[in-house]
Amino acid sequence: VVEAPDEGGARAQVAEMAERFLSNPVIEDYRIVDLQALTAAGDGR
Amino acid sequence: VSEQRPRVAVVTFPGSLDDRDALRAVATMGAEPVQVWHGDADLHGAGAVILPGGFSYGDYLRTGAIARFAPAMRAVAAHADAGGPVLGICNGFQILCEAGLLPGALIRNRSLSFVCRWINVRLEGGAPGDLAIGARGDVLSIPIKHGEGQFVASRDDLDRLETKGQVALRYCSPAGEVTDAYNPNGAAGNIAGVWNERGNVLGLMPHPEHAVDPDLGPIGGQPILEWLLAAARARVPA
């Protein structure tokens, strides 16, 4: 779960994680498939 | 720090398993071994560093991917930036690649099987630093033990490694022939070890720390550790 004011901010955070840590650009590529907003209670909507 | 007996740090990560052998090998070679924990912020005055083999952080995500963020790695990077010698062995090599201190990456062996046996590597000479390992063409007998030792890099990086003399070691026959038949993991160009551009950081998949004591077997690891110690001594003011 990432916290961001909007989807663009969340997407930027996820992309940064993918580039810095979750993938190795020498051998891997990545794409963000889906982002789901959560309610304050943690439910998807 | 003694010029004759340099201090060599061996960094232990959760999951390291060759750190004790590396410490012992350093002592066998006449240097002072220094244990450094992955959470340490400095290298305790060491003039050289070994990142040992093993399975740091359980190899989760990718080999070396989590270890590169350990606090001790900030000190290792600063040491390397200042020209200090760093030797990454097996998982240490994987960590150096993930940290960007060496080019390329290590992926699963071509056979998809773990390989554990003695192999031969040929010294390629032409080290980009001031100090080389042994003589060009020398063949060293050293053990390997890895599941993810296939060195890969982009075409541009491979060309750069070749033209700048950054290929340190290649898998070969006992006579020094570099052919696919003697490539234990499918590594590009039979590459077993590479230098950084400056020549002070070396990563390799074979385990020199397991091949330094003549009472235990071949001593093909000695020239590699001798390089590390000579590089450490060269940085200490007389």
# chains A, B, ... in the order shown; residues from 1 in each chain; ligands from 1
call {"tool": "closest_atom_pairs", "arguments": {"of": "chain B", "to": "chain A", "cutoff": "12 Å", "atoms": "only C-alpha atoms", "output": "Markdown table"}}
result
| residue | atom | partner | partner_atom | distance |
| --- | --- | --- | --- | --- |
| B:Tyr60 | CA | A:Leu22 | CA | 10.7 |
| B:Leu61 | CA | A:Leu22 | CA | 7.2 |
| B:Arg62 | CA | A:Asn24 | CA | 8.6 |
| B:Thr63 | CA | A:Asn24 | CA | 10.6 |
| B:Gly64 | CA | A:Asn24 | CA | 10.8 |
| B:Ala65 | CA | A:Phe21 | CA | 7.1 |
| B:Ile66 | CA | A:Phe21 | CA | 8.1 |
| B:Ala67 | CA | A:Phe21 | CA | 11.1 |
| B:Arg68 | CA | A:Phe21 | CA | 9.7 |
| B:Phe69 | CA | A:Phe21 | CA | 9.4 |
| B:Gln94 | CA | A:Asn24 | CA | 11.7 |
| B:Ile95 | CA | A:Asn24 | CA | 11.9 |
| B:Cys97 | CA | A:Val26 | CA | 9.6 |
| B:Glu98 | CA | A:Asn24 | CA | 7.4 |
| B:Ala99 | CA | A:Arg20 | CA | 10.2 |
| B:Gly100 | CA | A:Asn24 | CA | 10.3 |
| B:Leu102 | CA | A:Val26 | CA | 11.6 |
| B:Pro103 | CA | A:Val26 | CA | 8.7 |
| B:Gly104 | CA | A:Val26 | CA | 6.4 |
| B:Ala105 | CA | A:Val26 | CA | 6.5 |
| B:Leu106 | CA | A:Ile27 | CA | 8.9 |
| B:Ile107 | CA | A:Ile27 | CA | 8.2 |
| B:Arg108 | CA | A:Ile27 | CA | 11.3 |
| B:Gln150 | CA | A:Ile27 | CA | 11.7 |
| B:Phe151 | CA | A:Ile27 | CA | 10.7 |
| B:Val152 | CA | A:Ile27 | CA | 8.0 |
| B:Ala153 | CA | A:Val26 | CA | 6.5 |
| B:Ser154 | CA | A:Val26 | CA | 7.0 |
| B:Arg155 | CA | A:Val26 | CA | 10.7 |
| B:Asp156 | CA | A:Val26 | CA | 11.5 |
| B:Asp157 | CA | A:Val26 | CA | 10.0 |
| B:Leu158 | CA | A:Val26 | CA | 11.9 |
call {"tool": "residues_around", "arguments": {"residues": "Ile144 (chain B)", "least_positions_apart": "4", "cutoff": "6 Å", "atoms": "only C-alpha atoms", "output": "list in words"}}
result
Cys116, Arg117, Pro206 and His207 of chain B
call {"tool": "write_last_selection", "arguments": {"atoms": "C-alpha atoms", "output": "mmCIF file, in the first residue's frame"}}
result
data_model
loop_
_atom_site.group_PDB
_atom_site.id
_atom_site.type_symbol
_atom_site.label_atom_id
_atom_site.label_comp_id
_atom_site.auth_asym_id
_atom_site.auth_seq_id
_atom_site.Cartn_x
_atom_site.Cartn_y
_atom_site.Cartn_z
ATOM 1 C CA CYS B 116 29.456 -27.046 -7.019
ATOM 2 C CA ARG B 117 32.877 -28.154 -8.264
ATOM 3 C CA PRO B 206 34.683 -18.571 -8.010
ATOM 4 C CA HIS B 207 35.636 -18.716 -4.338
#
call {"tool": "select_by_dssp", "arguments": {"residues": "region 150-215 of chain B", "states": "strand (DSSP E)", "output": "PyMOL selection string"}}
result
chain B and resi 150-152+167-172+191-195+201-204
call {"tool": "write_last_selection", "arguments": {"atoms": "N, CA, C and O atoms", "output": "PDB file, in the first residue's frame"}}
result
ATOM      1  N   GLN B 150      25.461 -16.992 -13.873  1.00  0.00           N
ATOM      2  CA  GLN B 150      25.587 -16.682 -15.300  1.00  0.00           C
ATOM      3  C   GLN B 150      25.691 -15.164 -15.483  1.00  0.00           C
ATOM      4  O   GLN B 150      24.702 -14.441 -15.324  1.00  0.00           O
ATOM      5  N   PHE B 151      26.905 -14.711 -15.808  1.00  0.00           N
ATOM      6  CA  PHE B 151      27.111 -13.274 -15.979  1.00  0.00           C
ATOM      7  C   PHE B 151      26.495 -12.815 -17.294  1.00  0.00           C
ATOM      8  O   PHE B 151      26.754 -13.400 -18.352  1.00  0.00           O
ATOM      9  N   VAL B 152      25.699 -11.741 -17.203  1.00  0.00           N
ATOM     10  CA  VAL B 152      25.103 -11.149 -18.399  1.00  0.00           C
ATOM     11  C   VAL B 152      25.266  -9.632 -18.316  1.00  0.00           C
ATOM     12  O   VAL B 152      25.402  -9.067 -17.231  1.00  0.00           O
ATOM     13  N   VAL B 167      37.617  -7.413 -18.141  1.00  0.00           N
ATOM     14  CA  VAL B 167      37.378  -8.841 -17.890  1.00  0.00           C
ATOM     15  C   VAL B 167      38.584  -9.371 -17.133  1.00  0.00           C
ATOM     16  O   VAL B 167      39.714  -9.357 -17.649  1.00  0.00           O
ATOM     17  N   ALA B 168      38.361  -9.806 -15.922  1.00  0.00           N
ATOM     18  CA  ALA B 168      39.470 -10.255 -15.073  1.00  0.00           C
ATOM     19  C   ALA B 168      39.765 -11.738 -15.250  1.00  0.00           C
ATOM     20  O   ALA B 168      40.928 -12.145 -15.295  1.00  0.00           O
ATOM     21  N   LEU B 169      38.719 -12.543 -15.326  1.00  0.00           N
ATOM     22  CA  LEU B 169      38.857 -14.001 -15.337  1.00  0.00           C
ATOM     23  C   LEU B 169      37.853 -14.609 -16.305  1.00  0.00           C
ATOM     24  O   LEU B 169      36.728 -14.136 -16.406  1.00  0.00           O
ATOM     25  N   ARG B 170      38.289 -15.691 -16.977  1.00  0.00           N
ATOM     26  CA  ARG B 170      37.357 -16.451 -17.814  1.00  0.00           C
ATOM     27  C   ARG B 170      37.456 -17.939 -17.450  1.00  0.00           C
ATOM     28  O   ARG B 170      38.551 -18.439 -17.193  1.00  0.00           O
ATOM     29  N   TYR B 171      36.326 -18.602 -17.479  1.00  0.00           N
ATOM     30  CA  TYR B 171      36.310 -20.050 -17.296  1.00  0.00           C
ATOM     31  C   TYR B 171      37.056 -20.688 -18.460  1.00  0.00           C
ATOM     32  O   TYR B 171      36.898 -20.286 -19.621  1.00  0.00           O
ATOM     33  N   CYS B 172      37.863 -21.706 -18.161  1.00  0.00           N
ATOM     34  CA  CYS B 172      38.703 -22.281 -19.211  1.00  0.00           C
ATOM     35  C   CYS B 172      39.048 -23.738 -18.883  1.00  0.00           C
ATOM     36  O   CYS B 172      38.702 -24.253 -17.815  1.00  0.00           O
ATOM     37  N   ILE B 191      32.864 -15.294 -18.935  1.00  0.00           N
ATOM     38  CA  ILE B 191      33.356 -14.355 -17.916  1.00  0.00           C
ATOM     39  C   ILE B 191      33.055 -14.870 -16.512  1.00  0.00           C
ATOM     40  O   ILE B 191      31.910 -15.115 -16.148  1.00  0.00           O
ATOM     41  N   ALA B 192      34.142 -14.999 -15.729  1.00  0.00           N
ATOM     42  CA  ALA B 192      34.017 -15.449 -14.342  1.00  0.00           C
ATOM     43  C   ALA B 192      34.199 -14.303 -13.365  1.00  0.00           C
ATOM     44  O   ALA B 192      33.825 -14.411 -12.190  1.00  0.00           O
ATOM     45  N   GLY B 193      34.818 -13.200 -13.822  1.00  0.00           N
ATOM     46  CA  GLY B 193      35.034 -12.067 -12.934  1.00  0.00           C
ATOM     47  C   GLY B 193      35.329 -10.811 -13.715  1.00  0.00           C
ATOM     48  O   GLY B 193      35.904 -10.873 -14.810  1.00  0.00           O
ATOM     49  N   VAL B 194      34.894  -9.677 -13.173  1.00  0.00           N
ATOM     50  CA  VAL B 194      35.096  -8.391 -13.860  1.00  0.00           C
ATOM     51  C   VAL B 194      35.605  -7.327 -12.884  1.00  0.00           C
ATOM     52  O   VAL B 194      35.357  -7.383 -11.679  1.00  0.00           O
ATOM     53  N   TRP B 195      36.331  -6.373 -13.460  1.00  0.00           N
ATOM     54  CA  TRP B 195      36.772  -5.179 -12.724  1.00  0.00           C
ATOM     55  C   TRP B 195      35.776  -4.052 -12.974  1.00  0.00           C
ATOM     56  O   TRP B 195      35.104  -4.024 -14.007  1.00  0.00           O
ATOM     57  N   VAL B 201      37.683  -2.356  -7.884  1.00  0.00           N
ATOM     58  CA  VAL B 201      36.585  -3.232  -7.448  1.00  0.00           C
ATOM     59  C   VAL B 201      36.560  -4.449  -8.362  1.00  0.00           C
ATOM     60  O   VAL B 201      36.523  -4.311  -9.590  1.00  0.00           O
ATOM     61  N   LEU B 202      36.610  -5.612  -7.741  1.00  0.00           N
ATOM     62  CA  LEU B 202      36.637  -6.870  -8.492  1.00  0.00           C
ATOM     63  C   LEU B 202      35.528  -7.777  -7.982  1.00  0.00           C
ATOM     64  O   LEU B 202      35.394  -7.985  -6.775  1.00  0.00           O
ATOM     65  N   GLY B 203      34.746  -8.321  -8.906  1.00  0.00           N
ATOM     66  CA  GLY B 203      33.737  -9.304  -8.540  1.00  0.00           C
ATOM     67  C   GLY B 203      33.979 -10.580  -9.315  1.00  0.00           C
ATOM     68  O   GLY B 203      34.364 -10.535 -10.486  1.00  0.00           O
ATOM     69  N   LEU B 204      33.792 -11.706  -8.650  1.00  0.00           N
ATOM     70  CA  LEU B 204      33.987 -12.988  -9.324  1.00  0.00           C
ATOM     71  C   LEU B 204      33.104 -14.056  -8.694  1.00  0.00           C
ATOM     72  O   LEU B 204      32.775 -13.981  -7.509  1.00  0.00           O
TER      73      LEU B 204
END
call {"tool": "atom_distance", "arguments": {"atom1": "CA of Val1 (chain A)", "atom2": "CA of Thr39 (chain A)"}}
result
11.8 Å
call {"tool": "residues_around", "arguments": {"residues": "region 30-34 of chain A", "least_positions_apart": "5", "cutoff": "8 Å", "atoms": "only C-alpha atoms", "output": "list in words"}}
result
Arg11, Val14, Ala15, Ala18 and Ser23 of chain A
call {"tool": "closest_residue", "arguments": {"among": "B:Ile224, B:Val10, B:Ala181, B:Val76", "to": "Ala135 (chain B)", "atoms": "only C-alpha atoms"}}
result
B:Ile224
call {"tool": "residues_around", "arguments": {"residues": "Ser173 (chain B)", "least_positions_apart": "4", "cutoff": "12 Å", "atoms": "only C-alpha atoms", "output": "NGL selection string"}}
result
:B and (118-122 or 137-141 or 177-184 or 190)
call {"tool": "write_last_selection", "arguments": {"atoms": "all heavy atoms", "output": "compact mmCIF listing (two decimals), in the first residue's frame"}}
result
# COMPACT_ATOMS: atom_id res chain seq x y z
N TRP B 118 35.24 -27.90 -8.63
CA TRP B 118 36.45 -27.16 -8.96
C TRP B 118 36.43 -26.83 -10.45
O TRP B 118 36.06 -27.67 -11.27
CB TRP B 118 37.69 -27.99 -8.63
CG TRP B 118 37.94 -28.06 -7.15
CD1 TRP B 118 37.36 -28.93 -6.28
CD2 TRP B 118 38.78 -27.22 -6.38
NE1 TRP B 118 37.80 -28.69 -5.00
CE2 TRP B 118 38.68 -27.65 -5.04
CE3 TRP B 118 39.63 -26.15 -6.69
CZ2 TRP B 118 39.39 -27.03 -4.00
CZ3 TRP B 118 40.33 -25.55 -5.66
CH2 TRP B 118 40.21 -25.98 -4.33
N ILE B 119 36.84 -25.63 -10.77
CA ILE B 119 36.94 -25.22 -12.18
C ILE B 119 38.28 -24.50 -12.38
O ILE B 119 39.04 -24.30 -11.42
CB ILE B 119 35.78 -24.30 -12.61
CG1 ILE B 119 35.60 -23.14 -11.65
CG2 ILE B 119 34.48 -25.10 -12.69
CD1 ILE B 119 36.41 -21.94 -11.90
N ASN B 120 38.56 -24.18 -13.60
CA ASN B 120 39.77 -23.41 -13.92
C ASN B 120 39.36 -22.06 -14.49
O ASN B 120 38.39 -21.96 -15.24
CB ASN B 120 40.63 -24.16 -14.93
CG ASN B 120 41.13 -25.47 -14.37
OD1 ASN B 120 42.00 -25.52 -13.51
ND2 ASN B 120 40.54 -26.57 -14.83
N VAL B 121 40.11 -21.05 -14.12
CA VAL B 121 39.90 -19.73 -14.70
C VAL B 121 41.23 -19.18 -15.20
O VAL B 121 42.28 -19.43 -14.61
CB VAL B 121 39.27 -18.73 -13.70
CG1 VAL B 121 37.82 -19.08 -13.42
CG2 VAL B 121 40.07 -18.67 -12.40
N ARG B 122 41.13 -18.46 -16.30
CA ARG B 122 42.34 -17.86 -16.90
C ARG B 122 42.40 -16.37 -16.57
O ARG B 122 41.39 -15.67 -16.72
CB ARG B 122 42.31 -18.05 -18.42
CG ARG B 122 43.61 -17.67 -19.10
CD ARG B 122 43.48 -17.87 -20.60
NE ARG B 122 42.67 -16.81 -21.22
CZ ARG B 122 42.29 -16.82 -22.50
NH1 ARG B 122 42.61 -17.84 -23.27
NH2 ARG B 122 41.57 -15.83 -22.99
N GLY B 137 47.25 -14.98 -18.74
CA GLY B 137 47.30 -16.35 -19.24
C GLY B 137 47.46 -17.40 -18.16
O GLY B 137 47.26 -18.59 -18.43
N ASP B 138 47.82 -16.98 -16.95
CA ASP B 138 47.91 -17.96 -15.85
C ASP B 138 46.55 -18.60 -15.63
O ASP B 138 45.51 -17.95 -15.76
CB ASP B 138 48.35 -17.27 -14.55
CG ASP B 138 49.85 -17.01 -14.51
OD1 ASP B 138 50.54 -17.40 -15.45
OD2 ASP B 138 50.29 -16.40 -13.52
N VAL B 139 46.57 -19.88 -15.30
CA VAL B 139 45.33 -20.61 -15.02
C VAL B 139 45.28 -20.95 -13.53
O VAL B 139 46.25 -21.49 -12.98
CB VAL B 139 45.24 -21.90 -15.87
CG1 VAL B 139 44.00 -22.71 -15.49
CG2 VAL B 139 45.19 -21.55 -17.35
N LEU B 140 44.16 -20.61 -12.91
CA LEU B 140 43.98 -20.87 -11.48
C LEU B 140 42.88 -21.91 -11.28
O LEU B 140 41.85 -21.86 -11.96
CB LEU B 140 43.57 -19.58 -10.75
CG LEU B 140 44.45 -18.34 -10.94
CD1 LEU B 140 43.83 -17.15 -10.20
CD2 LEU B 140 45.86 -18.60 -10.45
N SER B 141 43.11 -22.82 -10.37
CA SER B 141 42.10 -23.80 -10.00
C SER B 141 41.41 -23.32 -8.73
O SER B 141 42.04 -23.14 -7.68
CB SER B 141 42.76 -25.16 -9.76
OG SER B 141 41.78 -26.14 -9.48
N GLU B 177 42.32 -23.04 -22.39
CA GLU B 177 41.45 -22.83 -23.56
C GLU B 177 40.09 -22.33 -23.08
O GLU B 177 39.48 -22.96 -22.21
CB GLU B 177 41.20 -24.14 -24.29
CG GLU B 177 42.44 -24.86 -24.78
CD GLU B 177 42.08 -26.31 -25.12
OE1 GLU B 177 41.95 -27.11 -24.18
OE2 GLU B 177 41.90 -26.59 -26.31
N VAL B 178 39.64 -21.26 -23.67
CA VAL B 178 38.34 -20.70 -23.32
C VAL B 178 37.32 -21.17 -24.36
O VAL B 178 37.27 -20.65 -25.47
CB VAL B 178 38.39 -19.16 -23.27
CG1 VAL B 178 37.00 -18.58 -23.02
CG2 VAL B 178 39.35 -18.70 -22.16
N THR B 179 36.56 -22.20 -23.99
CA THR B 179 35.53 -22.72 -24.88
C THR B 179 34.25 -22.95 -24.08
O THR B 179 34.29 -23.01 -22.85
CB THR B 179 35.93 -24.06 -25.52
OG1 THR B 179 35.95 -25.07 -24.50
CG2 THR B 179 37.30 -23.98 -26.19
N ASP B 180 33.16 -23.11 -24.80
CA ASP B 180 31.87 -23.28 -24.12
C ASP B 180 31.85 -24.56 -23.28
O ASP B 180 31.11 -24.63 -22.30
CB ASP B 180 30.74 -23.29 -25.16
CG ASP B 180 29.38 -23.13 -24.51
OD1 ASP B 180 29.18 -22.12 -23.79
OD2 ASP B 180 28.53 -24.02 -24.67
N ALA B 181 32.64 -25.53 -23.68
CA ALA B 181 32.65 -26.80 -22.93
C ALA B 181 33.12 -26.60 -21.49
O ALA B 181 32.83 -27.42 -20.62
CB ALA B 181 33.56 -27.81 -23.64
N TYR B 182 33.85 -25.52 -21.25
CA TYR B 182 34.37 -25.26 -19.91
C TYR B 182 33.64 -24.10 -19.23
O TYR B 182 34.14 -23.55 -18.26
CB TYR B 182 35.88 -24.98 -19.98
CG TYR B 182 36.66 -26.18 -20.43
CD1 TYR B 182 37.03 -26.34 -21.75
CD2 TYR B 182 36.98 -27.20 -19.53
CE1 TYR B 182 37.72 -27.46 -22.18
CE2 TYR B 182 37.66 -28.33 -19.94
CZ TYR B 182 38.03 -28.46 -21.27
OH TYR B 182 38.70 -29.58 -21.67
N ASN B 183 32.48 -23.77 -19.77
CA ASN B 183 31.68 -22.69 -19.19
C ASN B 183 30.63 -23.33 -18.27
O ASN B 183 29.70 -23.96 -18.76
CB ASN B 183 31.01 -21.90 -20.32
CG ASN B 183 30.30 -20.66 -19.83
OD1 ASN B 183 29.94 -20.56 -18.66
ND2 ASN B 183 30.09 -19.71 -20.73
N PRO B 184 30.78 -23.21 -16.96
CA PRO B 184 29.91 -23.99 -16.06
C PRO B 184 28.51 -23.42 -15.88
O PRO B 184 27.65 -24.09 -15.31
CB PRO B 184 30.67 -23.92 -14.73
CG PRO B 184 31.38 -22.61 -14.78
CD PRO B 184 31.76 -22.41 -16.23
N ASN B 190 32.34 -16.49 -21.34
CA ASN B 190 32.98 -17.30 -20.30
C ASN B 190 33.49 -16.43 -19.13
O ASN B 190 34.42 -16.81 -18.42
CB ASN B 190 34.16 -18.10 -20.87
CG ASN B 190 33.71 -19.37 -21.57
OD1 ASN B 190 32.75 -19.35 -22.33
ND2 ASN B 190 34.41 -20.47 -21.34
